[in-house]
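What follows is upload28.cif (mmCIF, C-alpha atoms).
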data_entry
#
loop_
_atom_site.group_PDB
_atom_site.id
_atom_site.type_symbol
_atom_site.label_atom_id
_atom_site.label_comp_id
_atom_site.auth_asym_id
_atom_site.auth_seq_id
_atom_site.Cartn_x
_atom_site.Cartn_y
_atom_site.Cartn_z
ATOM 1 C CA MET K 16 39.568 -7.144 5.587
ATOM 2 C CA LYS K 17 37.208 -4.152 5.483
ATOM 3 C CA ARG K 18 33.526 -4.710 4.832
ATOM 4 C CA GLY K 19 33.632 -2.842 1.510
ATOM 5 C CA GLU K 20 36.553 -4.947 0.340
ATOM 6 C CA SER K 21 34.952 -8.230 1.342
ATOM 7 C CA ASN K 22 31.716 -7.168 -0.378
ATOM 8 C CA ARG K 23 33.585 -6.411 -3.608
ATOM 9 C CA LEU K 24 35.410 -9.700 -3.404
ATOM 10 C CA LEU K 25 32.219 -11.597 -2.670
ATOM 11 C CA THR K 26 30.500 -9.942 -5.624
ATOM 12 C CA GLY K 27 33.440 -10.953 -7.802
ATOM 13 C CA VAL K 28 33.767 -14.557 -6.733
ATOM 14 C CA LEU K 29 30.053 -15.332 -6.388
ATOM 15 C CA GLY K 30 29.113 -13.654 -9.638
ATOM 16 C CA ASP K 31 29.118 -15.349 -13.020
ATOM 17 C CA GLU K 32 27.327 -15.130 -16.360
ATOM 18 C CA HIS K 33 24.303 -16.856 -14.949
ATOM 19 C CA LEU K 34 24.099 -14.359 -12.103
ATOM 20 C CA ASP K 35 24.510 -11.463 -14.541
ATOM 21 C CA ASP K 36 21.571 -12.832 -16.551
ATOM 22 C CA PHE K 37 19.577 -13.158 -13.386
ATOM 23 C CA ARG K 38 20.563 -9.617 -12.376
ATOM 24 C CA ARG K 39 19.170 -8.229 -15.625
ATOM 25 C CA ALA K 40 16.059 -10.405 -15.460
ATOM 26 C CA SER K 41 15.351 -9.416 -11.867
ATOM 27 C CA LEU K 42 15.664 -5.728 -12.750
ATOM 28 C CA GLU K 43 13.102 -6.160 -15.530
ATOM 29 C CA PHE K 44 10.909 -8.214 -13.230
ATOM 30 C CA GLY K 45 10.997 -5.484 -10.574
ATOM 31 C CA LEU K 46 10.346 -2.736 -13.106
ATOM 32 C CA ASP K 47 7.342 -4.664 -14.455
ATOM 33 C CA ALA K 48 5.975 -4.993 -10.925
ATOM 34 C CA LEU K 49 6.520 -1.276 -10.379
ATOM 35 C CA ARG K 50 4.692 -0.363 -13.589
ATOM 36 C CA ARG K 51 1.839 -2.715 -12.726
ATOM 37 C CA ARG K 52 1.487 -1.173 -9.295
ATOM 38 C CA ARG K 53 1.573 2.355 -10.746
ATOM 39 C CA ARG K 54 -1.091 1.399 -13.287
ATOM 40 C CA ASN K 55 -3.307 -0.130 -10.590
ATOM 41 C CA ARG K 56 -2.922 2.944 -8.426
ATOM 42 C CA ARG K 57 -3.845 5.220 -11.333
ATOM 43 C CA LEU K 58 -6.864 3.058 -12.087
ATOM 44 C CA ALA K 59 -7.985 3.138 -8.460
ATOM 45 C CA ARG K 60 -7.570 6.918 -8.375
ATOM 46 C CA THR K 61 -9.529 7.352 -11.601
ATOM 47 C CA CYS K 62 -12.288 5.082 -10.295
ATOM 48 C CA SER K 63 -12.545 7.038 -7.091
ATOM 49 C CA ILE K 64 -12.628 10.330 -8.984
ATOM 50 C CA VAL K 65 -15.464 9.048 -11.182
ATOM 51 C CA THR K 66 -17.325 7.130 -8.504
ATOM 52 C CA LEU K 67 -17.325 9.714 -5.735
ATOM 53 C CA PRO K 68 -19.236 12.467 -7.583
ATOM 54 C CA THR K 69 -21.674 9.838 -8.897
ATOM 55 C CA VAL K 70 -22.371 8.550 -5.416
ATOM 56 C CA VAL K 71 -22.750 12.085 -4.071
ATOM 57 C CA THR K 72 -25.136 12.973 -6.900
ATOM 58 C CA VAL K 73 -27.252 9.865 -6.323
ATOM 59 C CA LEU K 74 -27.395 10.539 -2.590
ATOM 60 C CA LEU K 75 -28.377 14.145 -3.122
ATOM 61 C CA TYR K 76 -31.060 13.095 -5.602
ATOM 62 C CA LYS K 77 -32.397 10.534 -3.130
ATOM 63 C CA LEU K 78 -32.418 13.113 -0.362
ATOM 64 C CA ILE K 79 -34.304 15.596 -2.505
ATOM 65 C CA THR K 80 -36.867 13.091 -3.811
ATOM 66 C CA LEU K 81 -37.482 11.533 -0.397
ATOM 67 C CA ALA K 82 -37.948 14.877 1.341
ATOM 68 C CA PRO K 83 -41.687 15.331 2.478
ATOM 69 C CA GLU K 84 -43.608 17.546 0.032
ATOM 70 C CA PRO K 85 -46.714 19.506 1.028
ATOM 71 C CA SER K 86 -49.474 17.343 -0.498
ATOM 72 C CA MET K 87 -53.169 18.054 -1.082
ATOM 73 C CA SER K 88 -54.227 15.361 1.313
ATOM 74 C CA ALA K 89 -52.049 16.623 4.091
ATOM 75 C CA PRO K 90 -53.717 18.676 6.757
ATOM 76 C CA ARG K 91 -53.615 22.372 6.216
ATOM 77 C CA PRO K 92 -51.250 24.306 8.376
ATOM 78 C CA LEU K 93 -52.785 25.624 11.526
ATOM 79 C CA ILE K 94 -51.839 29.209 10.759
ATOM 80 C CA ALA K 95 -54.914 29.427 8.529
ATOM 81 C CA ALA K 96 -57.030 29.117 11.619
ATOM 82 C CA GLY K 97 -55.771 32.412 12.968
ATOM 83 C CA PRO K 98 -57.626 35.545 14.008
ATOM 84 C CA SER K 99 -58.639 36.367 10.408
ATOM 85 C CA SER K 100 -60.632 33.119 9.989
ATOM 86 C CA ARG K 101 -62.145 33.519 13.412
ATOM 87 C CA SER K 102 -63.325 37.028 12.453
ATOM 88 C CA GLU K 103 -65.316 35.576 9.526
ATOM 89 C CA VAL K 104 -67.592 33.722 11.965
ATOM 90 C CA LYS K 105 -70.049 36.162 13.357
ATOM 91 C CA ILE K 106 -72.158 35.282 16.332
ATOM 92 C CA ILE K 107 -75.704 36.571 16.039
ATOM 93 C CA ASN K 108 -78.742 36.265 18.242
ATOM 94 C CA ASP K 109 -82.186 34.916 17.286
ATOM 95 C CA GLU K 110 -83.576 38.316 16.171
ATOM 96 C CA GLN K 111 -80.593 38.942 13.932
ATOM 97 C CA LEU K 112 -81.061 35.438 12.456
ATOM 98 C CA PHE K 113 -84.746 36.135 11.720
ATOM 99 C CA ALA K 114 -83.727 39.448 10.160
ATOM 100 C CA LEU K 115 -81.635 37.581 7.596
ATOM 101 C CA PHE K 116 -84.776 36.038 6.095
ATOM 102 C CA PRO K 117 -87.332 38.841 6.260
ATOM 103 C CA ASN K 118 -89.740 37.512 3.634
ATOM 104 C CA ARG K 119 -89.871 33.907 4.684
ATOM 105 C CA PRO K 120 -91.777 32.209 7.519
ATOM 106 C CA ILE K 121 -89.146 30.697 9.824
ATOM 107 C CA ALA K 122 -88.970 29.298 13.341
ATOM 108 C CA LEU K 123 -86.395 27.970 15.826
ATOM 109 C CA VAL K 124 -87.397 24.496 17.023
ATOM 110 C CA GLY K 125 -85.865 22.523 19.903
ATOM 111 C CA GLU K 126 -84.221 22.980 23.290
ATOM 112 C CA PRO K 127 -81.996 26.033 23.811
ATOM 113 C CA GLY K 128 -78.497 25.331 22.555
ATOM 114 C CA HIS K 129 -79.691 22.575 20.154
ATOM 115 C CA GLN K 130 -82.245 24.532 18.179
ATOM 116 C CA GLU K 131 -82.867 24.063 14.469
ATOM 117 C CA LEU K 132 -83.904 26.722 12.001
ATOM 118 C CA VAL K 133 -86.996 25.615 10.179
ATOM 119 C CA PHE K 134 -88.373 27.225 6.984
ATOM 120 C CA LEU K 135 -92.061 26.764 7.449
ATOM 121 C CA ASP K 136 -93.078 27.347 3.781
ATOM 122 C CA GLN K 137 -90.676 24.675 2.583
ATOM 123 C CA MET K 138 -91.718 22.324 5.358
ATOM 124 C CA ALA K 139 -95.259 22.706 4.283
ATOM 125 C CA ALA K 140 -94.343 21.825 0.740
ATOM 126 C CA GLU K 141 -92.072 18.851 1.542
ATOM 127 C CA ASP K 142 -93.328 18.067 5.017
ATOM 128 C CA GLN K 143 -89.781 18.039 6.470
ATOM 129 C CA PRO K 144 -87.123 20.468 7.762
ATOM 130 C CA VAL K 145 -85.135 22.201 5.032
ATOM 131 C CA ALA K 146 -82.003 23.354 6.763
ATOM 132 C CA ARG K 147 -80.194 22.827 10.006
ATOM 133 C CA MET I 191 28.947 19.340 13.481
ATOM 134 C CA ASP I 192 30.919 18.200 10.445
ATOM 135 C CA ALA I 193 31.060 14.696 11.859
ATOM 136 C CA THR I 194 27.295 14.374 11.526
ATOM 137 C CA LYS I 195 27.213 15.514 7.917
ATOM 138 C CA PRO I 196 27.944 12.197 6.196
ATOM 139 C CA SER I 197 25.264 10.360 8.146
ATOM 140 C CA ASP I 198 22.800 13.190 7.494
ATOM 141 C CA GLN I 199 23.642 13.009 3.832
ATOM 142 C CA ALA I 200 23.264 9.231 3.806
ATOM 143 C CA ALA I 201 19.964 9.535 5.642
ATOM 144 C CA SER I 202 18.642 12.097 3.188
ATOM 145 C CA GLN I 203 19.786 9.922 0.266
ATOM 146 C CA THR I 204 18.014 6.939 1.784
ATOM 147 C CA TRP I 205 14.928 9.020 2.402
ATOM 148 C CA LEU I 206 14.966 10.332 -1.181
ATOM 149 C CA LEU I 207 15.507 6.863 -2.651
ATOM 150 C CA THR I 208 12.793 5.191 -0.583
ATOM 151 C CA HIS I 209 10.403 8.113 -1.065
ATOM 152 C CA GLN I 210 10.805 7.943 -4.841
ATOM 153 C CA LEU I 211 10.490 4.150 -4.751
ATOM 154 C CA ALA I 212 7.236 4.480 -2.845
ATOM 155 C CA ALA I 213 6.052 6.932 -5.503
ATOM 156 C CA GLY I 214 6.756 4.309 -8.194
ATOM 157 C CA ASP I 215 9.748 6.025 -9.786
ATOM 158 C CA GLU I 216 11.575 3.733 -12.248
ATOM 159 C CA ALA I 217 14.925 5.493 -11.987
ATOM 160 C CA ALA I 218 14.773 5.072 -8.217
ATOM 161 C CA PHE I 219 14.108 1.364 -8.644
ATOM 162 C CA ARG I 220 17.115 1.022 -10.976
ATOM 163 C CA GLU I 221 19.254 2.781 -8.389
ATOM 164 C CA PHE I 222 17.881 0.605 -5.595
ATOM 165 C CA HIS I 223 18.576 -2.515 -7.669
ATOM 166 C CA LYS I 224 22.106 -1.342 -8.390
ATOM 167 C CA GLN I 225 22.817 -0.597 -4.726
ATOM 168 C CA TYR I 226 21.150 -3.576 -3.094
ATOM 169 C CA PHE I 227 21.089 -6.482 -5.557
ATOM 170 C CA ASP I 228 24.418 -7.994 -4.497
ATOM 171 C CA ARG I 229 23.882 -7.228 -0.836
ATOM 172 C CA LEU I 230 20.481 -8.911 -0.842
ATOM 173 C CA TYR I 231 21.742 -11.826 -2.884
ATOM 174 C CA HIS I 232 24.603 -12.478 -0.495
ATOM 175 C CA PHE I 233 22.239 -12.237 2.447
ATOM 176 C CA LEU I 234 19.770 -14.651 0.847
ATOM 177 C CA LEU I 235 22.524 -17.030 -0.127
ATOM 178 C CA VAL I 236 23.310 -17.436 3.561
ATOM 179 C CA VAL I 237 19.634 -17.630 4.553
ATOM 180 C CA SER I 238 19.059 -20.364 1.975
ATOM 181 C CA HIS I 239 22.157 -22.300 3.095
ATOM 182 C CA GLY I 240 24.056 -21.702 -0.106
ATOM 183 C CA GLN I 241 21.231 -22.881 -2.394
ATOM 184 C CA GLU I 242 21.672 -20.479 -5.301
ATOM 185 C CA GLN I 243 18.362 -21.226 -7.013
ATOM 186 C CA GLU I 244 16.457 -20.792 -3.771
ATOM 187 C CA ALA I 245 18.293 -17.545 -3.080
ATOM 188 C CA GLN I 246 17.403 -16.237 -6.542
ATOM 189 C CA ASP I 247 13.729 -17.162 -6.192
ATOM 190 C CA ALA I 248 13.653 -15.446 -2.817
ATOM 191 C CA LEU I 249 15.365 -12.387 -4.258
ATOM 192 C CA GLN I 250 12.679 -12.034 -6.919
ATOM 193 C CA GLN I 251 9.996 -12.291 -4.267
ATOM 194 C CA THR I 252 11.856 -9.752 -2.182
ATOM 195 C CA LEU I 253 11.903 -7.272 -5.059
ATOM 196 C CA LEU I 254 8.191 -7.808 -5.550
ATOM 197 C CA ARG I 255 7.495 -7.126 -1.880
ATOM 198 C CA VAL I 256 9.740 -4.077 -1.877
ATOM 199 C CA VAL I 257 7.744 -2.624 -4.762
ATOM 200 C CA ARG I 258 4.504 -3.409 -2.955
ATOM 201 C CA TYR I 259 5.305 -2.375 0.608
ATOM 202 C CA ILE I 260 8.091 0.178 0.394
ATOM 203 C CA ARG I 261 7.687 3.329 2.466
ATOM 204 C CA PRO I 262 10.076 6.216 3.111
ATOM 205 C CA PHE I 263 12.915 5.475 5.553
ATOM 206 C CA ASP I 264 15.161 8.163 6.943
ATOM 207 C CA SER I 265 17.956 5.830 8.008
ATOM 208 C CA GLU I 266 19.970 3.466 5.859
ATOM 209 C CA ASP I 267 20.443 1.058 8.767
ATOM 210 C CA ILE I 268 16.717 0.834 9.414
ATOM 211 C CA PHE I 269 16.024 0.454 5.708
ATOM 212 C CA TRP I 270 18.541 -2.390 5.466
ATOM 213 C CA CYS I 271 17.008 -4.069 8.532
ATOM 214 C CA TRP I 272 13.591 -3.786 6.903
ATOM 215 C CA LEU I 273 14.980 -5.232 3.653
ATOM 216 C CA LYS I 274 16.458 -8.162 5.555
ATOM 217 C CA THR I 275 13.123 -8.821 7.247
ATOM 218 C CA VAL I 276 11.375 -8.777 3.877
ATOM 219 C CA ALA I 277 14.057 -10.976 2.302
ATOM 220 C CA ARG I 278 13.991 -13.478 5.140
ATOM 221 C CA SER I 279 10.216 -13.797 4.990
ATOM 222 C CA ALA I 280 10.388 -14.201 1.187
ATOM 223 C CA ALA I 281 12.954 -16.968 1.592
ATOM 224 C CA ARG I 282 10.853 -18.679 4.210
ATOM 225 C CA ASP I 283 7.736 -18.457 2.048
ATOM 226 C CA ALA I 284 9.591 -19.829 -0.948
ATOM 227 C CA ASN I 285 10.717 -22.731 1.174
ATOM 228 C CA ARG I 286 7.449 -23.363 2.949
ATOM 229 C CA LYS I 287 4.693 -22.734 0.485
ATOM 230 C CA GLN I 288 2.355 -24.969 2.414
ATOM 231 C CA ARG I 289 2.185 -22.446 5.229
ATOM 232 C CA ARG I 290 0.048 -20.031 3.308
ATOM 233 C CA TYR I 291 -1.836 -18.700 6.264
ATOM 234 C CA ALA I 292 1.344 -17.640 8.019
ATOM 235 C CA ALA I 293 2.543 -15.974 4.851
ATOM 236 C CA VAL I 294 -0.639 -13.949 4.544
ATOM 237 C CA LEU I 295 -0.332 -12.829 8.146
ATOM 238 C CA GLU I 296 3.272 -11.913 7.665
ATOM 239 C CA THR I 297 2.564 -10.023 4.477
ATOM 240 C CA PHE I 298 -0.163 -8.109 6.267
ATOM 241 C CA ALA I 299 2.151 -7.425 9.195
ATOM 242 C CA LEU I 300 4.754 -5.947 6.837
ATOM 243 C CA ARG I 301 2.532 -2.948 6.277
ATOM 244 C CA PHE I 302 2.616 -2.110 9.948
ATOM 245 C CA LEU I 303 6.076 -3.384 10.739
ATOM 246 C CA PRO I 304 7.632 -1.208 13.438
ATOM 247 C CA THR I 305 11.219 -0.085 13.216
ATOM 248 C CA PRO I 306 13.065 -3.379 12.887
ATOM 249 C CA SER I 307 15.702 -4.309 15.379
ATOM 250 C CA GLY I 308 19.239 -5.019 14.328
ATOM 251 C CA ASN I 309 18.905 -8.784 14.439
ATOM 252 C CA GLY I 310 20.085 -10.879 11.517
ATOM 253 C CA ILE I 311 23.527 -9.316 11.440
ATOM 254 C CA GLY I 312 24.776 -12.885 11.742
ATOM 255 C CA GLU I 313 23.980 -13.681 8.108
ATOM 256 C CA ALA I 314 26.211 -10.940 6.719
ATOM 257 C CA ASP I 315 28.951 -11.829 9.139
ATOM 258 C CA LEU I 316 28.652 -15.496 8.299
ATOM 259 C CA LEU I 317 29.311 -14.829 4.623
ATOM 260 C CA THR I 318 32.319 -12.681 5.427
ATOM 261 C CA VAL I 319 33.656 -15.344 7.780
ATOM 262 C CA ALA I 320 33.121 -18.015 5.107
ATOM 263 C CA LEU I 321 34.964 -15.812 2.601
ATOM 264 C CA GLU I 322 37.880 -15.233 4.941
ATOM 265 C CA GLU I 323 38.125 -18.914 5.796
ATOM 266 C CA SER I 324 38.039 -19.833 2.121
ATOM 267 C CA LEU I 325 40.716 -17.264 1.316
ATOM 268 C CA ALA I 326 42.877 -18.668 4.073
ATOM 269 C CA GLU I 327 42.840 -22.010 2.295
ATOM 270 C CA LEU I 328 44.479 -20.440 -0.776
ATOM 271 C CA SER I 329 48.141 -19.746 -1.312
ATOM 272 C CA GLU I 330 49.466 -16.203 -0.893
ATOM 273 C CA PRO I 331 49.923 -15.578 -4.678
ATOM 274 C CA GLU I 332 46.365 -16.797 -5.279
ATOM 275 C CA ARG I 333 44.985 -14.468 -2.583
ATOM 276 C CA ARG I 334 46.971 -11.565 -4.047
ATOM 277 C CA LEU I 335 45.639 -12.282 -7.521
ATOM 278 C CA LEU I 336 42.026 -12.293 -6.311
ATOM 279 C CA ALA I 337 42.521 -9.130 -4.253
ATOM 280 C CA ALA I 338 44.159 -7.327 -7.159
ATOM 281 C CA LYS I 339 41.318 -8.241 -9.493
ATOM 282 C CA TYR I 340 38.263 -7.828 -7.284
ATOM 283 C CA ILE I 341 39.314 -5.377 -4.563
ATOM 284 C CA GLU I 342 41.782 -3.147 -6.400
ATOM 285 C CA GLY I 343 39.940 -3.461 -9.694
ATOM 286 C CA ARG I 344 42.996 -4.227 -11.848
ATOM 287 C CA THR I 345 42.424 -5.484 -15.371
ATOM 288 C CA VAL I 346 43.495 -8.916 -16.613
ATOM 289 C CA ASN I 347 46.053 -7.231 -18.898
ATOM 290 C CA GLU I 348 47.619 -5.378 -15.975
ATOM 291 C CA LEU I 349 47.760 -8.572 -13.928
ATOM 292 C CA GLY I 350 49.354 -10.391 -16.853
ATOM 293 C CA ALA I 351 52.029 -7.729 -17.135
ATOM 294 C CA GLU I 352 52.771 -7.921 -13.408
ATOM 295 C CA THR I 353 52.908 -11.696 -13.159
ATOM 296 C CA GLY I 354 54.460 -12.378 -16.519
ATOM 297 C CA LEU I 355 51.539 -14.591 -17.538
ATOM 298 C CA THR I 356 49.516 -14.399 -20.713
ATOM 299 C CA PHE I 357 46.053 -12.854 -20.783
ATOM 300 C CA LYS I 358 44.479 -16.267 -21.212
ATOM 301 C CA ALA I 359 46.546 -17.800 -18.399
ATOM 302 C CA VAL I 360 45.517 -15.053 -15.973
ATOM 303 C CA GLU I 361 41.900 -15.347 -16.983
ATOM 304 C CA SER I 362 41.990 -19.132 -16.607
ATOM 305 C CA ARG I 363 43.642 -18.892 -13.188
ATOM 306 C CA LEU I 364 41.116 -16.317 -12.010
ATOM 307 C CA ASP I 365 38.265 -18.474 -13.222
ATOM 308 C CA ARG I 366 39.613 -21.527 -11.404
ATOM 309 C CA LEU I 367 40.170 -19.552 -8.210
ATOM 310 C CA ARG I 368 36.723 -18.030 -8.393
ATOM 311 C CA ARG I 369 35.071 -21.426 -8.807
ATOM 312 C CA ALA I 370 37.092 -22.916 -5.969
ATOM 313 C CA ILE I 371 36.377 -20.132 -3.536
ATOM 314 C CA ARG I 372 32.746 -19.971 -4.502
ATOM 315 C CA GLN I 373 32.249 -23.687 -3.884
ATOM 316 C CA SER I 374 34.097 -23.389 -0.613
ATOM 317 C CA ILE I 375 31.875 -20.474 0.559
ATOM 318 C CA LEU I 376 28.642 -22.201 -0.469
ATOM 319 C CA LYS I 377 29.724 -25.388 1.264
ATOM 320 C CA LYS I 378 30.568 -23.539 4.462
ATOM 321 C CA ILE I 379 27.281 -21.657 4.638
ATOM 322 C CA SER I 380 25.248 -24.729 3.679
ATOM 323 C CA ASN I 381 26.735 -26.528 6.680
ATOM 324 C CA HIS I 382 25.941 -23.663 9.002
ATOM 325 C CA GLU I 383 22.565 -23.680 10.747
ATOM 326 C CA THR I 384 21.110 -20.175 10.553
ATOM 327 C CA ARG I 385 17.370 -20.723 10.650
#

The structure given in the file should be rewritten as structure tokens.
Amino acid sequence: MKRGESNRLLTGVLGDEHLDDFRRASLEFGLDALRRRRRNRRLARTCSIVTLPTVVTVLLYKLITLAPEPSMSAPRPLIAAGPSSRSEVKIINDEQLFALFPNRPIALVGEPGHQELVFLDQMAAEDQPVAR
Amino acid sequence: MDATKPSDQAASQTWLLTHQLAAGDEAAFREFHKQYFDRLYHFLLVVSHGQEQEAQDALQQTLLRVVRYIRPFDSEDIFWCWLKTVARSAARDANRKQRRYAAVLETFALRFLPTPSGNGIGEADLLTVALEESLAELSEPERRLLAAKYIEGRTVNELGAETGLTFKAVESRLDRLRRAIRQSILKKISNHETR
């Protein structure tokens, strides 16, 4: 007997009303499982579509807010101390210093290199050095 | 080249069916059910030693696992081997619920199951052998009547006209023969150790 023939015969002799009921019930059972799986997949896809941009947005926000900002307390960049700032400091000798205060009695007191400029009229009034 | 066409066609049909099943297509599931219900049931009947209720429970579990783990197959033979592996594990789980850990491992392994080998052919053969042995126990007219009805697809009316019996008599004889042969097959496979 060929396989196809024996299969048909087996289906005929093993089948009955009960098996036909079970056949229908199992089809519905399988279809329900299929629908459930499809629904779960769709839900998972929707969740990932919604969640992914949210996560990316939150991460970007965190990255932006945590990035170091130039604050007032932070040290100034060193570029400010370039040639322009150095040109503002002018080195003068003693005579040129005296020339800056022509109408006031002044003197340089102390060892060379550690001298202090003393306004004598103010010192007389307050009995102490006025400026350093 | 023509000789390869039918197998190519069968392979592409299997691929299409399994691909659509994996995509969750309902029409594909109906077609799968139509094509494989009886084949799986017969297989499970042997695996469960002729216990019809056990075979039916296992078949439901098999369908559930097919829905869950199906992937495209490009060969009908490989697909059928995979189905048998799924069905056998469903039958074993139904019978041994206490071994939950093994079931979880097996379920997990199904996702990564390599191309199954052709083992398990014995179950299908066993059913055919049981059928042939049971048929041999019948008389020649009884065998002819069963063959005419279930292999040739003749109607009860046609058989009545050929044998000179009434519709009811033919139907009654067919019913009796069917019950007898069914019991004989179930008894033979229940006595056979397959596990």

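Candidate residues I:His239, I:Arg255, I:Arg366, I:Lys358 were compared for distance to Asn285 (chain I), and the nearest is I:His239, using all atoms listed in the file.
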
_Exercise answer, chain I residues close to chain K, 10 Å and only C-alpha atoms, as a VMD selection string_ = chain I and resid 211 to 217 219 to 220 222 to 224 227 to 229 231 to 232 235 242 246 to 247 249 to 258 314 to 315 317 to 319 321 to 322 336 to 343 364 to 365 367 to 373 375 to 376

*asked:* For a test of reading the model, state the distance in Å between CA of Asn347 (chain I) and CA of Glu361 (chain I), rounded to one decimal.
replied: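 Straight-line distance from CA of Asn347 (chain I) to CA of Glu361 (chain I) works out to 9.3 Å.
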
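Computed from the coordinates, the CA of Gly350 (chain I) to CA of Glu327 (chain I) distance equals 23.3 Å.
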
*Compile the contact shell of Ile121 (chain K) as a PyMOL selection string: residues with an atom at most 10 Å away, counting all atoms listed in the file, same-chain residues fewer than 3 positions apart removed.*
chain K and resi 112-113+116-118+124+132-138

*Using only C-alpha atoms, which residues sit within 12 Å of His209 (chain I) once same-chain residues fewer than 5 positions away are excluded, as a list in words?*
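Using only C-alpha atoms, the neighbours found are Ala201, Ser202, Gln203, Thr204, Gly214, Asp215, Ala218, Phe219, Phe222, Val257, Tyr259, Ile260, Arg261, Pro262, Phe263, Asp264 and Phe269 of chain I.
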
Missing atoms in region 45-65 of chain K: fill them in up to N, CA and C atoms and send the result as an mmCIF file, in the frame of the given file.
data_model
loop_
_atom_site.group_PDB
_atom_site.id
_atom_site.type_symbol
_atom_site.label_atom_id
_atom_site.label_comp_id
_atom_site.auth_asym_id
_atom_site.auth_seq_id
_atom_site.Cartn_x
_atom_site.Cartn_y
_atom_site.Cartn_z
ATOM 1 N N GLY K 45 11.357 -6.521 -11.547
ATOM 2 C CA GLY K 45 10.997 -5.484 -10.574
ATOM 3 C C GLY K 45 10.351 -4.282 -11.241
ATOM 4 N N LEU K 46 10.914 -3.890 -12.395
ATOM 5 C CA LEU K 46 10.346 -2.736 -13.106
ATOM 6 C C LEU K 46 8.921 -3.027 -13.578
ATOM 7 N N ASP K 47 8.697 -4.268 -14.038
ATOM 8 C CA ASP K 47 7.342 -4.664 -14.455
ATOM 9 C C ASP K 47 6.373 -4.561 -13.280
ATOM 10 N N ALA K 48 6.829 -5.047 -12.126
ATOM 11 C CA ALA K 48 5.975 -4.993 -10.925
ATOM 12 C C ALA K 48 5.670 -3.544 -10.560
ATOM 13 N N LEU K 49 6.677 -2.701 -10.696
ATOM 14 C CA LEU K 49 6.520 -1.276 -10.379
ATOM 15 C C LEU K 49 5.495 -0.623 -11.310
ATOM 16 N N ARG K 50 5.625 -0.940 -12.604
ATOM 17 C CA ARG K 50 4.692 -0.363 -13.589
ATOM 18 C C ARG K 50 3.267 -0.835 -13.329
ATOM 19 N N ARG K 51 3.160 -2.144 -13.004
ATOM 20 C CA ARG K 51 1.839 -2.715 -12.726
ATOM 21 C C ARG K 51 1.197 -2.021 -11.528
ATOM 22 N N ARG K 52 2.008 -1.802 -10.507
ATOM 23 C CA ARG K 52 1.487 -1.173 -9.295
ATOM 24 C C ARG K 52 1.055 0.273 -9.588
ATOM 25 N N ARG K 53 1.889 0.972 -10.396
ATOM 26 C CA ARG K 53 1.573 2.355 -10.746
ATOM 27 C C ARG K 53 0.269 2.411 -11.534
ATOM 28 N N ARG K 54 0.118 1.448 -12.463
ATOM 29 C CA ARG K 54 -1.091 1.399 -13.287
ATOM 30 C C ARG K 54 -2.323 1.121 -12.410
ATOM 31 N N ASN K 55 -2.187 0.192 -11.490
ATOM 32 C CA ASN K 55 -3.307 -0.130 -10.590
ATOM 33 C C ASN K 55 -3.692 1.055 -9.723
ATOM 34 N N ARG K 56 -2.651 1.762 -9.257
ATOM 35 C CA ARG K 56 -2.922 2.944 -8.426
ATOM 36 C C ARG K 56 -3.683 3.998 -9.213
ATOM 37 N N ARG K 57 -3.210 4.206 -10.489
ATOM 38 C CA ARG K 57 -3.845 5.220 -11.333
ATOM 39 C C ARG K 57 -5.299 4.847 -11.585
ATOM 40 N N LEU K 58 -5.506 3.563 -11.831
ATOM 41 C CA LEU K 58 -6.864 3.058 -12.087
ATOM 42 C C LEU K 58 -7.764 3.282 -10.861
ATOM 43 N N ALA K 59 -7.208 2.964 -9.699
ATOM 44 C CA ALA K 59 -7.985 3.138 -8.460
ATOM 45 C C ALA K 59 -8.322 4.603 -8.244
ATOM 46 N N ARG K 60 -7.333 5.480 -8.549
ATOM 47 C CA ARG K 60 -7.570 6.918 -8.375
ATOM 48 C C ARG K 60 -8.641 7.410 -9.334
ATOM 49 N N THR K 61 -8.539 6.947 -10.597
ATOM 50 C CA THR K 61 -9.529 7.352 -11.601
ATOM 51 C C THR K 61 -10.922 6.881 -11.182
ATOM 52 N N CYS K 62 -10.992 5.638 -10.727
ATOM 53 C CA CYS K 62 -12.288 5.082 -10.295
ATOM 54 C C CYS K 62 -12.872 5.903 -9.158
ATOM 55 N N SER K 63 -12.018 6.278 -8.234
ATOM 56 C CA SER K 63 -12.545 7.038 -7.091
ATOM 57 C C SER K 63 -12.992 8.427 -7.531
ATOM 58 N N ILE K 64 -12.251 8.996 -8.497
ATOM 59 C CA ILE K 64 -12.628 10.330 -8.984
ATOM 60 C C ILE K 64 -13.981 10.275 -9.685
ATOM 61 N N VAL K 65 -14.200 9.184 -10.444
ATOM 62 C CA VAL K 65 -15.464 9.048 -11.182
ATOM 63 C C VAL K 65 -16.593 8.632 -10.240
#
